[in-house]
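coords-v9.txt (compact mmCIF, C-alpha atoms)
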# COMPACT_ATOMS: atom_id res chain seq x y z
CA MET A 1 -29.36 -25.68 14.31
CA ASN A 2 -29.93 -21.96 13.74
CA ILE A 3 -27.17 -20.66 11.48
CA TYR A 4 -26.71 -17.03 10.43
CA VAL A 5 -24.33 -15.66 7.82
CA LEU A 6 -23.21 -12.02 7.65
CA VAL A 7 -22.95 -10.88 4.04
CA LYS A 8 -21.62 -7.66 2.52
CA ARG A 9 -22.19 -6.21 -0.95
CA THR A 10 -18.84 -5.18 -2.46
CA PHE A 11 -17.42 -4.06 -5.78
CA ASP A 12 -16.72 -6.82 -8.28
CA THR A 13 -13.06 -7.80 -7.98
CA GLU A 14 -12.68 -7.09 -11.72
CA GLU A 15 -14.15 -3.60 -11.38
CA LYS A 16 -11.89 -0.61 -12.05
CA ILE A 17 -12.17 1.77 -9.10
CA THR A 18 -12.51 5.47 -9.85
CA VAL A 19 -12.67 8.38 -7.40
CA SER A 20 -14.80 11.44 -8.08
CA ASN A 21 -15.12 14.45 -5.75
CA GLY A 22 -13.44 12.57 -2.94
CA LYS A 23 -15.78 9.59 -3.16
CA ILE A 24 -15.64 6.21 -4.87
CA ALA A 25 -17.79 6.41 -8.00
CA ASP A 26 -20.19 3.47 -8.19
CA ASP A 27 -22.39 4.55 -11.09
CA GLY A 28 -22.69 1.60 -13.44
CA ALA A 29 -20.31 -0.51 -11.34
CA GLU A 30 -20.86 -4.23 -10.83
CA PHE A 31 -21.33 -5.53 -7.29
CA ILE A 32 -20.98 -9.02 -5.86
CA ILE A 33 -21.07 -10.89 -2.57
CA ASN A 34 -17.82 -10.19 -0.75
CA PRO A 35 -15.68 -13.21 -1.82
CA TYR A 36 -14.75 -14.18 1.76
CA ASP A 37 -18.46 -14.21 2.62
CA GLU A 38 -18.99 -16.86 -0.06
CA TYR A 39 -16.84 -19.23 1.99
CA ALA A 40 -19.04 -18.45 5.00
CA ILE A 41 -22.23 -19.16 3.03
CA GLU A 42 -20.87 -22.44 1.69
CA GLU A 43 -19.76 -23.59 5.13
CA ALA A 44 -23.14 -22.68 6.62
CA ILE A 45 -24.91 -24.78 3.99
CA GLN A 46 -22.61 -27.74 4.62
CA VAL A 47 -23.12 -27.50 8.40
CA ARG A 48 -26.88 -27.33 7.94
CA ASP A 49 -26.88 -30.37 5.66
CA ALA A 50 -24.79 -32.33 8.16
CA HIS A 51 -26.62 -31.31 11.34
CA GLU A 52 -30.01 -30.13 10.05
CA GLY A 53 -31.33 -26.66 10.76
CA GLU A 54 -31.72 -23.43 8.84
CA VAL A 55 -29.39 -20.90 7.21
CA THR A 56 -30.32 -17.21 7.25
CA VAL A 57 -28.18 -14.64 5.45
CA ILE A 58 -28.14 -11.04 6.68
CA THR A 59 -26.92 -7.84 5.08
CA ILE A 60 -27.16 -4.09 5.65
CA GLY A 61 -27.68 -1.63 2.83
CA GLY A 62 -30.18 -0.42 0.26
CA ASP A 63 -32.59 -2.16 -2.09
CA GLU A 64 -29.72 -3.02 -4.45
CA ALA A 65 -28.39 -5.51 -1.88
CA GLN A 66 -31.37 -7.77 -2.56
CA LYS A 67 -29.49 -9.09 -5.60
CA GLN A 68 -26.65 -10.42 -3.46
CA LEU A 69 -29.11 -11.92 -0.96
CA ARG A 70 -30.93 -13.69 -3.79
CA THR A 71 -27.59 -15.07 -4.95
CA ALA A 72 -26.97 -16.47 -1.46
CA LEU A 73 -30.46 -18.00 -1.49
CA ALA A 74 -29.71 -19.54 -4.89
CA MET A 75 -26.55 -21.06 -3.44
CA GLY A 76 -28.71 -22.84 -0.86
CA ALA A 77 -29.46 -20.53 2.05
CA ASP A 78 -33.01 -20.81 3.42
CA LYS A 79 -33.88 -17.23 4.34
CA ALA A 80 -32.54 -13.72 3.86
CA VAL A 81 -32.81 -10.50 5.85
CA LEU A 82 -32.09 -7.03 4.50
CA ILE A 83 -31.73 -4.31 7.12
CA ASN A 84 -32.35 -1.28 4.93
CA THR A 85 -30.48 1.82 6.10
CA GLU A 86 -30.67 3.72 2.82
CA ASP A 87 -32.98 6.44 4.15
CA ASP A 88 -31.56 6.57 7.67
CA LEU A 89 -27.77 6.60 7.51
CA ASP A 90 -25.39 8.52 5.26
CA GLU A 91 -22.23 7.10 6.78
CA MET A 92 -21.53 3.72 8.36
CA ASP A 93 -18.49 2.07 9.89
CA GLU A 94 -17.70 -1.23 11.61
CA TYR A 95 -19.30 -0.05 14.85
CA THR A 96 -22.51 0.85 13.03
CA SER A 97 -22.74 -2.47 11.19
CA ALA A 98 -21.99 -4.56 14.28
CA LYS A 99 -24.45 -2.65 16.45
CA ILE A 100 -27.29 -3.09 13.96
CA ILE A 101 -26.60 -6.78 13.34
CA ALA A 102 -26.25 -7.56 17.05
CA GLU A 103 -29.51 -5.76 17.75
CA TYR A 104 -31.26 -7.95 15.19
CA LEU A 105 -29.72 -11.16 16.54
CA LYS A 106 -29.98 -10.50 20.28
CA ASP A 107 -33.42 -12.12 20.63
CA LYS A 108 -32.74 -14.96 18.20
CA GLU A 109 -31.76 -18.48 19.22
CA VAL A 110 -28.32 -18.39 17.64
CA ASP A 111 -26.17 -21.50 17.42
CA LEU A 112 -23.63 -20.50 14.80
CA ILE A 113 -22.78 -17.24 13.01
CA LEU A 114 -20.41 -17.17 10.06
CA ALA A 115 -18.84 -14.17 8.35
CA GLY A 116 -16.04 -13.52 5.91
CA ASN A 117 -12.60 -12.97 7.41
CA VAL A 118 -12.42 -9.52 5.82
CA ALA A 119 -14.32 -7.46 3.27
CA ILE A 120 -12.30 -6.72 0.14
CA ASP A 121 -13.30 -3.05 0.18
CA GLY A 122 -12.38 -2.18 3.77
CA GLY A 123 -10.26 -5.09 4.95
CA SER A 124 -10.68 -4.34 8.66
CA GLY A 125 -12.03 -7.74 9.74
CA GLN A 126 -13.83 -6.06 12.65
CA VAL A 127 -17.56 -6.61 12.14
CA GLY A 128 -17.69 -10.32 13.00
CA PRO A 129 -15.72 -10.08 16.26
CA ARG A 130 -17.62 -6.94 17.26
CA VAL A 131 -20.95 -8.74 16.79
CA ALA A 132 -19.74 -11.65 18.93
CA GLU A 133 -18.61 -9.27 21.68
CA LEU A 134 -21.98 -7.48 21.69
CA LEU A 135 -23.81 -10.82 21.87
CA GLY A 136 -21.45 -12.20 24.50
CA ILE A 137 -20.56 -15.37 22.58
CA ASN A 138 -17.31 -17.11 21.63
CA TYR A 139 -15.60 -16.24 18.36
CA VAL A 140 -12.67 -17.54 16.31
CA THR A 141 -11.28 -15.78 13.23
CA THR A 142 -9.60 -16.91 9.98
CA ILE A 143 -10.79 -20.50 10.18
CA THR A 144 -9.83 -23.11 7.58
CA ASN A 145 -11.63 -26.12 9.08
CA LEU A 146 -14.74 -26.54 11.23
CA GLU A 147 -15.94 -29.70 12.97
CA ILE A 148 -19.07 -29.71 15.14
CA ASP A 149 -20.05 -32.51 17.50
CA GLY A 150 -23.14 -31.61 19.51
CA THR A 151 -22.22 -28.32 21.15
CA SER A 152 -18.47 -29.00 20.98
CA VAL A 153 -16.49 -27.43 18.14
CA LYS A 154 -12.99 -28.13 16.85
CA ILE A 155 -11.46 -25.47 14.63
CA ILE A 156 -8.27 -25.05 12.63
CA ARG A 157 -7.38 -21.42 11.98
CA ASP A 158 -4.76 -19.72 9.85
CA VAL A 159 -2.02 -17.92 11.78
CA GLU A 160 0.77 -16.13 9.88
CA GLY A 161 1.95 -18.99 7.71
CA ASP A 162 1.03 -21.74 10.16
CA SER A 163 -2.14 -23.18 11.69
CA GLU A 164 -3.64 -23.38 15.15
CA THR A 165 -6.17 -25.89 16.51
CA ILE A 166 -8.81 -24.59 18.91
CA GLU A 167 -11.58 -26.35 20.81
CA THR A 168 -14.60 -24.30 21.84
CA SER A 169 -18.38 -24.59 22.07
CA LEU A 170 -21.63 -23.27 20.64
CA PRO A 171 -23.01 -20.63 20.40
CA LEU A 172 -20.14 -19.39 18.32
CA LEU A 173 -19.13 -16.88 15.64
CA VAL A 174 -16.40 -17.72 13.14
CA THR A 175 -14.89 -15.83 10.22
CA ALA A 176 -14.02 -17.77 7.08
CA GLN A 177 -10.60 -17.76 5.47
CA GLN A 178 -9.75 -18.86 1.94
CA GLY A 179 -9.23 -22.63 1.94
CA LEU A 180 -12.15 -23.41 4.24
CA ASN A 181 -14.10 -24.84 1.29
CA GLU A 182 -14.90 -24.30 -2.37
CA PRO A 183 -18.04 -22.14 -2.71
CA ARG A 184 -20.64 -23.54 -5.07
CA TYR A 185 -22.10 -21.66 -8.01
CA PRO A 186 -25.86 -21.07 -7.97
CA SER A 187 -27.54 -23.65 -10.16
CA LEU A 188 -30.50 -22.89 -12.42
CA PRO A 189 -32.90 -24.82 -10.13
CA GLY A 190 -31.38 -22.95 -7.17
CA ILE A 191 -31.95 -19.61 -8.88
CA MET A 192 -35.59 -20.50 -9.57
CA LYS A 193 -36.14 -21.66 -5.97
CA ALA A 194 -34.50 -18.49 -4.63
CA LYS A 195 -37.30 -16.39 -6.10
CA LYS A 196 -39.77 -18.07 -3.75
CA LYS A 197 -37.62 -18.10 -0.62
CA PRO A 198 -38.43 -15.50 2.07
CA LEU A 199 -36.52 -12.22 2.02
CA GLU A 200 -37.44 -10.06 5.01
CA GLU A 201 -36.77 -6.33 4.89
CA LEU A 202 -36.40 -4.28 8.07
CA GLU A 203 -35.49 -0.70 8.96
CA LEU A 204 -33.87 0.78 12.05
CA ASP A 205 -37.30 1.58 13.51
CA ASP A 206 -38.18 -2.12 13.39
CA LEU A 207 -35.17 -2.79 15.61
CA ASP A 208 -36.05 0.06 17.99
CA LEU A 209 -32.80 1.79 17.07
CA ASP A 210 -32.30 5.52 16.70
CA GLU A 211 -29.85 6.96 14.20
CA ASP A 212 -27.84 8.46 17.07
CA GLU A 213 -27.35 5.01 18.63
CA VAL A 214 -25.60 3.68 15.54
CA GLU A 215 -23.79 6.83 14.46
CA ALA A 216 -20.39 6.04 12.97
CA LYS A 217 -17.46 6.42 15.37
CA THR A 218 -14.97 7.09 12.59
CA GLU A 219 -14.87 9.68 9.82
CA THR A 220 -13.33 9.31 6.38
CA ILE A 221 -11.31 12.45 5.70
CA GLU A 222 -10.15 11.72 2.18
CA ILE A 223 -10.26 8.99 -0.43
CA TYR A 224 -7.66 8.91 -3.20
CA LEU A 225 -6.04 6.45 -5.55
CA PRO A 226 -2.36 5.58 -5.07
CA GLN A 227 0.09 7.43 -7.28
CA ALA A 228 0.84 5.76 -10.57
CA LYS A 229 4.12 3.91 -10.45
CA ALA A 230 6.86 5.05 -12.82
CA ALA A 231 8.23 2.55 -15.29
CA GLY A 232 11.23 0.57 -14.12
CA ARG A 233 14.68 1.40 -15.38
CA ILE A 234 17.24 -1.12 -16.60
CA LEU A 235 20.81 -0.20 -15.74
CA GLU A 236 23.46 -0.96 -18.32
CA GLY A 237 27.20 -1.42 -18.27
CA ASP A 238 29.36 -3.62 -16.07
CA VAL A 239 28.41 -4.40 -12.49
CA ALA A 240 30.61 -1.69 -10.97
CA ASP A 241 29.05 1.01 -13.18
CA GLN A 242 25.54 -0.28 -12.43
CA VAL A 243 26.16 -0.15 -8.68
CA LYS A 244 27.55 3.37 -8.94
CA GLU A 245 24.54 4.55 -10.97
CA LEU A 246 22.09 2.78 -8.63
CA VAL A 247 23.57 4.51 -5.55
CA ASN A 248 23.40 7.84 -7.33
CA LEU A 249 19.73 7.32 -8.28
CA LEU A 250 18.79 6.25 -4.77
CA ASN A 251 20.41 9.42 -3.48
CA THR A 252 19.27 12.00 -6.04
CA GLU A 253 15.90 10.68 -7.29
CA ALA A 254 14.48 8.23 -4.75
CA LYS A 255 16.09 10.19 -1.90
CA VAL A 256 16.22 7.15 0.35
CA ILE A 257 19.94 7.36 1.16
Can you turn what I pasted into structure tokens?
Amino acid sequence: MNIYVLVKRTFDTEEKITVSNGKIADDGAEFIINPYDEYAIEEAIQVRDAHEGEVTVITIGGDEAQKQLRTALAMGADKAVLINTEDDLDEMDEYTSAKIIAEYLKDKEVDLILAGNVAIDGGSGQVGPRVAELLGINYVTTITNLEIDGTSVKIIRDVEGDSETIETSLPLLVTAQQGLNEPRYPSLPGIMKAKKKPLEELELDDLDLDEDEVEAKTETIEIYLPQAKAAGRILEGDVADQVKELVNLLNTEAKVI
């Protein structure tokens, strides 16, 4: 079975975000594999172990993204592909990412593609479904269970506080939701083996893509941090006085009534 996992390099969840000159400052920041993508990697490894085959992880970015790919290889993936856009593209969006990934995959014998449900930096959840649409294959999002029998697939997906069971078939793209599995940590032997596993690096020219073909369809106008929240206020006195003061504050300060 040929299994591919879409991986994104994101800020560490413990990283304090700062904005400088209208852009997110990343100097000295720590980066990790997008946490939802870890569920996708783990599920891909489990599917491969159960059904045999090969797991290839794919990401788009600069040379720094090799670190995250090596982490995925240390977890147990077999191969990695970095599509390096550092010298070609200044701005990217979901359309750009999906177009590039689909172009890479279009000639591959794809059985299963896994991606994270969302990326913690953008949260759009668009890239996976867009790739599936461009490839013309089935896709199911926010999955919490995956069972494969031959080419038949049974899926449980998360839907607004409940779950839904879907039956579909390969080839298929799914996006992983929290609860699908428990991602493993790279072991020391896994880290050592990862150094010898193949990591292929491509550029847009290798995919016969021009910059104009993958130009972002959206433009970021401004990036800013939310306003700092004021400290809460504790109202004193009896209930009647508190209610009277609360109504007054909502009218004069909050201006919501």
Pick from A:Ser124, A:Val131, A:Asp111, A:Glu222 nearest to Ser169 of chain A, counting only C-alpha atoms: A:Asp111
Can you work out which one of A:Asn145, A:Gln126, A:Gln46, A:Asn117 has the shortest atom-to-atom distance to Lys99 of chain A, counting all atoms listed in the file?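 Of A:Asn145, A:Gln126, A:Gln46, A:Asn117, the one nearest Lys99 of chain A is A:Gln126, counting all atoms listed in the file.
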Nearest-residue call for Leu112 of chain A, choices A:Ala40, A:Ala216, A:Leu82, A:Met1, using only C-alpha atoms: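 Among A:Ala40, A:Ala216, A:Leu82, A:Met1, it is A:Met1 that comes nearest to Leu112 of chain A.
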At a cut-off of 12 Å around the point (-36.1, 0.9, -4.2) (file coordinates), what residues fall inside when counting all atoms listed in the file? I'd like the answer as a ChimeraX atom specification. /A:61-66,84-87,201
Hey, which of A:Val118, A:Leu250, A:Ala176, A:Val243 ends up closest to Glu42 of chain A? Count all atoms listed in the file.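 Smallest separation from Glu42 of chain A among the options: A:Ala176.
Using only C-alpha atoms, the contacts of segment 14-17 of chain A at a cut-off of 9 Å, with sequence neighbours closer than 5 positions omitted, comprise A:Ile24, A:Ala25, A:Asp26, A:Ala29, A:Glu30, A:Phe31, A:Leu225.
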Size and centre in Å, one decimal, axis-aligned box, all listed segment 53-60 of chain A atoms plus 4 Å per side, as AutoDock Vina command-line options:
--center_x -29.3 --center_y -15.4 --center_z 7.9 --size_x 12.8 --size_y 30.6 --size_z 13.7
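Put simply, atom CA of Gly190 of chain A is 12.9 Å away from atom CA of Leu69 of chain A.
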Would you kindly return, as a ChimeraX atom specification, each protein, DNA or RNA residue with an atom no farther than 10 Å from any atom of Leu146 of chain A, considering all atoms listed in the file and excluding same-chain residues fewer than 5 positions away? /A:43,47,153-157,166,174,176,180
Atomic distance atom CA of Glu133 of chain A - atom CA of Leu105 of chain A, expressed in Å with one decimal: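 Separation between atom CA of Glu133 of chain A and atom CA of Leu105 of chain A: 12.4 Å.
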Please compute the atom CA of Met192 of chain A-atom CA of Ile3 of chain A distance, one decimal, in Å.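 These two atoms are separated by 22.7 Å.
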Gly125 of chain A: which residues within 10 Å, counting all atoms listed in the file, same-chain residues fewer than 6 positions away excluded, as a PDB file with C-alpha atoms, in the coordinates of the input?
ATOM      1  CA  GLU A  94     -17.700  -1.230  11.610  1.00  0.00           C
ATOM      2  CA  ALA A 115     -18.840 -14.170   8.350  1.00  0.00           C
ATOM      3  CA  GLY A 116     -16.040 -13.520   5.910  1.00  0.00           C
ATOM      4  CA  ASN A 117     -12.600 -12.970   7.410  1.00  0.00           C
ATOM      5  CA  VAL A 118     -12.420  -9.520   5.820  1.00  0.00           C
ATOM      6  CA  ALA A 119     -14.320  -7.460   3.270  1.00  0.00           C
ATOM      7  CA  THR A 141     -11.280 -15.780  13.230  1.00  0.00           C
ATOM      8  CA  THR A 142      -9.600 -16.910   9.980  1.00  0.00           C
ATOM      9  CA  THR A 175     -14.890 -15.830  10.220  1.00  0.00           C
TER      10      THR A 175
END
Residues near Asp210 of chain A, cut-off 12 Å, all atoms listed in the file, skip fewer than 5 positions along chain, as a short mmCIF file (atom, residue, chain, number, x, y, z; two decimals) with C-alpha atoms, keeping the file's coordinate frame:
data_model
loop_
_atom_site.label_atom_id
_atom_site.label_comp_id
_atom_site.auth_asym_id
_atom_site.auth_seq_id
_atom_site.Cartn_x
_atom_site.Cartn_y
_atom_site.Cartn_z
CA THR A 85 -30.48 1.82 6.10
CA ASP A 88 -31.56 6.57 7.67
CA LEU A 89 -27.77 6.60 7.51
CA THR A 96 -22.51 0.85 13.03
CA LYS A 99 -24.45 -2.65 16.45
CA ILE A 100 -27.29 -3.09 13.96
CA GLU A 103 -29.51 -5.76 17.75
CA GLU A 203 -35.49 -0.70 8.96
CA LEU A 204 -33.87 0.78 12.05
CA ASP A 205 -37.30 1.58 13.51
CA GLU A 215 -23.79 6.83 14.46
#
Restricting the calculation to only C-alpha atoms, which member of A:Leu246, A:Ala50, A:Val19, A:Val110 is positioned closest to Val5 of chain A? A:Val110
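Contact shell of Pro186 of chain A at 9 Å (all atoms listed in the file; same-chain neighbours under 4 positions omitted): Thr71, Ala72, Leu73, Ala74, Met75, Gly76, Gly190 and Ile191 of chain A.
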Let me make sure I understand: among A:Lys79, A:Lys8, A:Lys217, A:Arg70, which one has the smallest atom-to-atom distance to Pro198 of chain A if we use all atoms listed in the file? A:Lys79
Selection as a VMD selection string: residues within 12 Å of (-28.7, -7.8, 20.7), counting all atoms listed in the file: chain A and resid 98 to 110 130 to 137 207 to 209
